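Asks: This is start-v2.cif (mmCIF, C-alpha atoms).
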data_entry
#
loop_
_atom_site.label_atom_id
_atom_site.label_comp_id
_atom_site.auth_asym_id
_atom_site.auth_seq_id
_atom_site.Cartn_x
_atom_site.Cartn_y
_atom_site.Cartn_z
CA GLY A 29 24.06 123.59 172.11
CA GLN A 30 22.79 126.85 173.55
CA THR A 31 24.66 130.13 174.00
CA PRO A 32 23.46 133.26 175.82
CA CYS A 33 22.85 134.96 172.48
CA SER A 34 20.89 132.05 170.98
CA VAL A 35 18.59 131.89 174.01
CA ALA A 36 18.19 135.67 173.90
CA VAL A 37 16.48 135.47 170.50
CA THR A 38 13.20 134.36 172.09
CA HIS A 39 13.68 135.56 175.65
CA MET A 40 15.04 139.11 175.37
CA ALA A 41 13.89 142.36 173.81
CA PRO A 42 15.63 143.51 170.58
CA GLU A 43 17.65 146.24 172.31
CA THR A 44 18.92 143.75 174.89
CA ARG A 45 19.88 141.28 172.18
CA ALA A 46 21.86 143.97 170.36
CA ILE A 47 23.89 144.64 173.52
CA MET A 48 24.55 140.91 173.97
CA TYR A 49 25.64 140.44 170.33
CA GLU A 50 28.05 143.36 170.63
CA ALA A 51 29.50 142.00 173.90
CA GLU A 52 29.96 138.53 172.43
CA GLY A 53 31.74 139.90 169.36
CA ARG A 54 34.04 142.03 171.49
CA GLU A 55 35.06 139.05 173.65
CA LEU A 56 35.71 136.86 170.60
CA ARG A 57 37.89 139.56 169.05
CA GLU A 58 39.83 139.71 172.32
CA GLY A 59 40.70 136.04 171.94
CA LYS A 60 38.15 134.52 174.31
CA ARG A 61 36.56 131.23 173.30
CA PHE A 62 33.39 129.27 174.03
CA VAL A 63 33.43 126.32 176.46
CA ASN A 64 31.47 123.30 175.23
CA TYR A 65 29.56 122.12 178.31
CA ARG A 66 27.32 120.00 176.08
CA GLU A 67 30.39 117.89 175.35
CA SER A 68 31.64 117.66 178.94
CA HIS A 69 28.41 117.76 181.01
CA SER A 70 25.60 116.67 178.68
CA ASP A 71 22.33 115.50 180.25
CA GLY A 72 21.30 113.83 177.00
CA ASN A 73 18.10 115.84 176.65
CA SER A 74 17.01 117.67 173.52
CA TYR A 75 16.81 121.47 173.72
CA GLY A 76 15.58 124.45 171.79
CA ASP A 77 17.19 127.87 171.25
CA LEU A 78 20.27 126.17 169.79
CA ASP A 79 23.20 128.14 168.40
CA PRO A 80 23.69 127.04 164.75
CA ARG A 81 27.42 127.82 164.86
CA PHE A 82 28.23 124.73 166.89
CA PRO A 83 27.90 121.01 166.03
CA LEU A 84 24.70 119.26 167.10
CA ASP A 85 24.85 115.86 168.75
CA VAL A 86 22.28 113.09 168.29
CA GLY A 87 20.15 114.39 171.16
CA ASN A 88 19.70 117.84 169.62
CA ALA A 89 19.58 116.93 165.92
CA GLY A 90 16.24 116.60 164.16
CA HIS A 91 14.35 117.09 160.89
CA ASP A 92 12.67 120.18 162.30
CA ILE A 93 15.91 122.19 162.14
CA GLU A 94 17.29 120.96 158.79
CA GLU A 95 15.85 123.89 156.81
CA PRO A 96 16.96 126.72 159.16
CA LEU A 97 20.36 125.01 159.53
CA ALA A 98 20.78 125.02 155.75
CA ALA A 99 19.90 128.73 155.72
CA TYR A 100 22.59 129.32 158.33
CA HIS A 101 25.27 127.59 156.25
CA THR A 102 24.29 129.73 153.27
CA SER A 103 24.53 132.92 155.33
CA VAL A 104 28.12 132.24 156.43
CA LEU A 105 29.61 131.29 153.05
CA ASN A 106 31.46 134.62 152.86
CA ALA A 107 31.41 135.51 156.55
CA THR A 108 34.47 136.68 158.45
CA LEU A 109 35.42 134.26 161.21
CA CYS A 110 36.71 135.28 164.60
CA GLY A 111 38.42 132.39 166.31
CA GLY A 112 36.65 130.08 163.88
CA VAL A 113 33.23 131.51 164.82
CA PRO A 114 31.17 133.82 162.56
CA LEU A 115 29.77 137.00 164.06
CA GLN A 116 27.23 137.74 161.31
CA PHE A 117 24.83 134.91 160.47
CA SER A 118 21.15 133.99 160.18
CA PRO A 119 19.13 132.55 161.77
CA ARG A 120 20.53 133.34 165.19
CA SER A 121 18.74 130.43 166.86
CA LEU A 122 17.46 126.98 165.96
CA ARG A 123 14.26 125.47 167.33
CA PRO A 124 13.12 128.66 169.12
CA THR A 125 10.99 128.26 172.21
CA THR A 126 8.25 130.47 173.64
CA ARG A 127 8.84 134.20 173.88
CA TRP A 128 8.22 134.50 177.59
CA TRP A 129 8.77 138.27 177.58
CA ASN A 130 5.95 138.72 175.06
CA LYS A 131 2.91 139.21 177.30
CA ASP A 132 0.56 138.91 174.30
CA ASP A 133 1.21 135.17 174.03
CA GLU A 134 -1.81 133.47 175.56
CA SER A 135 -0.44 129.95 175.84
CA LEU A 136 2.73 127.91 175.65
CA GLU A 137 1.45 125.92 172.69
CA ALA A 138 0.37 129.01 170.77
CA GLY A 139 3.69 130.72 171.44
CA ASN A 140 5.73 127.75 170.26
CA THR A 141 3.57 127.25 167.18
CA ALA A 142 4.01 130.90 166.20
CA SER A 143 7.76 130.62 166.71
CA MET A 144 8.50 127.58 164.54
CA GLY A 145 5.28 126.18 163.09
CA GLN A 146 4.88 123.28 165.52
CA PRO A 147 4.83 122.91 169.29
CA TYR A 148 8.09 122.03 170.99
CA CYS A 149 8.78 120.76 174.48
CA LYS A 150 12.26 120.36 175.94
CA ASN A 151 11.31 117.25 177.90
CA LYS A 152 11.46 114.12 175.74
CA LYS A 153 8.70 112.26 177.55
CA HIS A 154 6.28 115.16 177.07
CA ARG A 155 7.08 115.79 173.41
CA GLY A 156 4.22 114.89 171.09
CA MET A 157 1.68 114.91 173.93
CA LYS A 158 -1.07 117.48 174.05
CA LYS A 159 -2.35 118.61 177.37
CA ASN A 160 -5.91 119.92 177.37
CA ASP A 161 -6.60 119.80 181.09
CA LYS A 162 -6.06 123.34 182.38
CA THR A 163 -7.80 122.75 185.70
CA PRO A 164 -5.50 124.02 188.47
CA HIS A 165 -4.56 121.44 191.07
CA PRO A 166 -5.64 122.49 194.59
CA ALA A 167 -2.84 123.27 197.01
CA PRO A 168 -2.54 120.88 199.95
CA GLN A 169 -4.28 122.12 203.10
CA ILE A 170 -2.04 122.51 206.14
CA ASP A 171 -3.37 122.80 209.68
CA LEU A 172 -1.17 125.62 210.98
CA GLY A 173 -2.38 125.02 214.52
CA SER A 174 -0.87 121.54 214.49
CA LEU A 175 2.62 122.79 213.70
CA ARG A 176 5.17 123.28 216.44
CA ARG A 177 6.02 126.89 217.16
CA LEU A 178 9.56 127.86 216.19
CA THR A 179 11.48 129.57 219.00
CA LEU A 180 14.94 131.09 219.38
CA SER A 181 16.08 127.94 221.17
CA ASP A 182 15.63 126.08 217.87
CA VAL A 183 18.22 128.39 216.30
CA PHE A 184 20.55 129.08 219.21
CA HIS A 185 21.19 125.74 220.86
CA HIS A 186 23.67 127.29 223.29
CA PRO A 187 22.51 130.89 223.81
CA THR A 188 25.23 133.32 224.90
CA PRO A 189 24.41 135.17 228.12
CA ILE A 190 23.90 138.92 227.84
CA THR A 191 26.21 141.09 229.93
CA LEU A 192 25.27 144.71 230.58
CA VAL A 193 28.33 146.97 230.51
CA ASP A 194 27.38 149.99 232.59
CA ASP A 195 30.08 150.09 235.29
CA ILE A 196 33.81 149.49 235.76
CA HIS A 197 33.29 145.76 236.38
CA GLY A 198 31.42 145.40 233.08
CA ILE A 199 34.11 147.37 231.22
CA ARG A 200 36.85 145.08 232.54
CA LEU A 201 34.86 141.99 231.60
CA PHE A 202 34.32 143.41 228.12
CA GLU A 203 38.04 144.16 227.76
CA LYS A 204 38.87 140.60 228.83
CA ASN A 205 36.60 139.14 226.14
CA ILE A 206 38.10 141.37 223.45
CA HIS A 207 41.64 140.28 224.29
CA LEU A 208 40.53 136.65 224.43
CA SER A 209 39.12 136.85 220.92
CA ILE A 210 42.21 138.59 219.52
CA ASN A 211 44.66 136.14 221.08
CA SER A 212 42.62 133.11 220.01
CA ALA A 213 42.27 134.35 216.44
CA LYS A 214 46.04 134.72 216.13
CA HIS A 215 46.54 130.99 216.57
CA GLU A 216 43.67 129.67 214.41
CA THR A 217 43.45 130.11 210.64
CA ALA A 218 40.50 127.87 209.70
CA ASP A 219 37.45 129.46 208.08
CA SER A 220 35.31 128.35 211.01
CA SER A 221 37.51 130.45 213.31
CA PHE A 222 36.40 133.61 211.56
CA ALA A 223 32.79 133.00 212.60
CA LYS A 224 33.86 131.84 216.04
CA PHE A 225 35.84 134.97 216.91
CA ALA A 226 34.00 137.57 214.81
CA TRP A 227 32.07 140.34 216.57
CA GLY A 228 28.78 141.81 215.45
CA LEU A 229 28.06 145.50 215.95
CA ASP A 230 24.72 147.24 216.37
CA CYS A 231 23.66 150.61 217.74
CA GLU A 232 20.38 151.94 219.07
CA TRP A 233 19.37 155.55 219.67
CA LYS A 234 16.31 157.64 220.31
CA PRO A 235 14.39 158.34 217.07
CA GLY A 236 14.80 161.90 215.88
CA GLN A 237 11.90 164.14 214.91
CA GLU A 238 13.97 166.49 212.74
CA TYR A 239 15.31 165.51 209.32
CA GLY A 240 19.09 165.32 209.19
CA ARG A 241 19.55 165.51 212.95
CA ASP A 242 20.50 162.36 214.89
CA ASN A 243 20.44 161.70 218.60
CA PRO A 244 23.55 160.26 220.25
CA VAL A 245 23.96 156.48 220.49
CA ALA A 246 22.16 155.16 223.57
CA THR A 247 23.06 151.46 223.37
CA LEU A 248 26.00 149.71 221.75
CA GLN A 249 25.45 145.98 221.16
CA LEU A 250 28.43 143.71 220.57
#
Before we go any further, please render this structure as structure tokens.

Replies:
Amino acid sequence: GQTPCSVAVTHMAPETRAIMYEAEGRELREGKRFVNYRESHSDGNSYGDLDPRFPLDVGNAGHDIEEPLAAYHTSVLNATLCGGVPLQFSPRSLRPTTRWWNKDDESLEAGNTASMGQPYCKNKKHRGMKKNDKTPHPAPQIDLGSLRRLTLSDVFHHPTPITLVDDIHGIRLFEKNIHLSINSAKHETADSSFAKFAWGLDCEWKPGQEYGRDNPVATLQL
């Protein structure tokens, strides 16, 4: 039952909401339509920040939204529809939740009460319950000294030997490996082959003391 614009009412600043409303209207005028994931992938839970333009199922319906829903229907009596959806209507959202971007809100309960006159929780099993215990739960203590040290061997189970290319023998060995990778890649098209035959490139050079002036590459790592 939510849309980006209905959630934005309590979670975004006014200027951001204006941009979102304009973008939504433009896409609807271009022929794009909403996809009803509540119908195809519903989790059965009740939510806030509902868009009044779309039907509410049993899970989202409630007496708390009857009055604002009636106000919505009144506001769209003479509205122009775009793909069956009005672009100008009020209110923009039903059952608004806490304005998280408003740093002046001191508590979740106070923020929800200011938004709609009564606290609201999205989780059914918590709704109607009041939590007064604000004592933080201590984090579990972990003895770092008892943990096994992570080493490169835990990541690279079969480490590749390092070959230093600084003479003609090393150059020929390097050339042989390049041709081996190219020829092997020609005959394999699986995604895993890309990682198997891909080469990584890195360069190292002496740090420069002058801005804009670089020293020549000293080491090429492949």

Asks: Between A:Glu52, A:Asp79, A:Asp182, A:Asp242, single out the one closest to Pro96 in chain A, counting all atoms listed in the file.

Replies: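 The answer is A:Asp79, which sits nearest to Pro96 in chain A.
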
Asks: Would you translate the PyMOL selection byres ((chain A and resi 225) around 10) into the concrete set of residues it matches in this file, as a ChimeraX atom specification?

Replies: /A:206,208-213,216,220-224,226-228

Asks: Tell me, in Å to one decimal, how far CA of Asp85 in chain A is from CA of Gly72 in chain A.

Replies: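 A separation of 9.2 Å between them.
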
Asks: For CA of Cys110 in chain A and CA of Pro83 in chain A, quote the distance in Å rounded to one decimal.

Replies: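 Atom-to-atom, CA of Cys110 in chain A and CA of Pro83 in chain A are spaced 16.8 Å apart.
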
Asks: Mind giving me the straight-line distance from CA of Asp71 in chain A to CA of Glu94 in chain A in Å, one decimal?

Replies: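 That distance, rounded to one decimal, is 22.7 Å.
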
Asks: Compile the contact shell of range 184-201 of chain A as number ranges by chain: residues with an atom at most 10 Å away, counting all atoms listed in the file, same-chain residues fewer than 3 positions apart removed.

Replies: A: 179-181, 204-206, 247-250

Asks: Please write the residues from the selection above to a file, keeping C-alpha atoms, as a short mmCIF file (atom, residue, chain, number, x, y, z; two decimals), keeping the file's coordinate frame.

Replies:
data_model
loop_
_atom_site.label_atom_id
_atom_site.label_comp_id
_atom_site.auth_asym_id
_atom_site.auth_seq_id
_atom_site.Cartn_x
_atom_site.Cartn_y
_atom_site.Cartn_z
CA THR A 179 11.48 129.57 219.00
CA LEU A 180 14.94 131.09 219.38
CA SER A 181 16.08 127.94 221.17
CA LYS A 204 38.87 140.60 228.83
CA ASN A 205 36.60 139.14 226.14
CA ILE A 206 38.10 141.37 223.45
CA THR A 247 23.06 151.46 223.37
CA LEU A 248 26.00 149.71 221.75
CA GLN A 249 25.45 145.98 221.16
CA LEU A 250 28.43 143.71 220.57
#

Asks: Evaluate the PyMOL selection byres ((chain A and resi 121) around 9) on the structure here and hand back the selected residues as a VMD selection string.

Replies: chain A and resid 30 33 to 38 76 to 80 96 118 to 120 122 to 124

Asks: Name the closest residue to Arg54 in chain A among the candidates A:Met40, A:Ala99, A:Leu105, A:Leu115; distances are taken between atoms, counting only C-alpha atoms.

Replies: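 The closest residue to Arg54 in chain A is A:Leu115.
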
Asks: Which residues, written as a PyMOL selection string, have at least one atom at most 8 Å from Asn88 in chain A, with all atoms listed in the file counted and residues fewer than 2 positions away on the same chain left out?

Replies: chain A and resi 29+73-75+84-86+90

Asks: Could you check the closest approach to Glu58 in chain A for each of A:His91, A:Arg45, A:Pro166, A:Gly111 and tell me which residue wins, using only C-alpha atoms?

Replies: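 Comparing A:His91, A:Arg45, A:Pro166, A:Gly111 against Glu58 in chain A, the winner is A:Gly111.
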
Asks: Can you tell me which residues surround Asn243 in chain A at a distance of at most 12 Å, considering only C-alpha atoms, apart from same-chain residues fewer than 5 positions away, and format the answer as a PyMOL selection string?

Replies: chain A and resi 231-238

Asks: Edge lengths and centre, in Å to one decimal, as lines of an AutoDock Vina configuration file: that's what I need for the box along x, y and z that holds all listed atoms of range 217-221 of chain A plus 8 Å on each side.

Replies:
center_x = 39.4
center_y = 129.2
center_z = 210.7
size_x = 24.1
size_y = 18.6
size_z = 21.2

Asks: Neighbours of Val104 in chain A within 6 Å (all atoms listed in the file; same-chain residues fewer than 3 positions away dropped), as a list in words?

Replies: His101, Ala107 and Phe117 of chain A

Asks: Around (35.8, 138.9, 164.4), as given in the file, which residues come within 7 Å? Count only C-alpha atoms and list them as a PDB file with C-alpha atoms, in the frame of the given file.

Replies:
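File written: out.pdb
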ATOM      1  CA  GLY A  53      31.740 139.900 169.360  1.00  0.00           C
ATOM      2  CA  LEU A  56      35.710 136.860 170.600  1.00  0.00           C
ATOM      3  CA  ARG A  57      37.890 139.560 169.050  1.00  0.00           C
ATOM      4  CA  THR A 108      34.470 136.680 158.450  1.00  0.00           C
ATOM      5  CA  LEU A 109      35.420 134.260 161.210  1.00  0.00           C
ATOM      6  CA  CYS A 110      36.710 135.280 164.600  1.00  0.00           C
ATOM      7  CA  LEU A 115      29.770 137.000 164.060  1.00  0.00           C
TER       8      LEU A 115
END
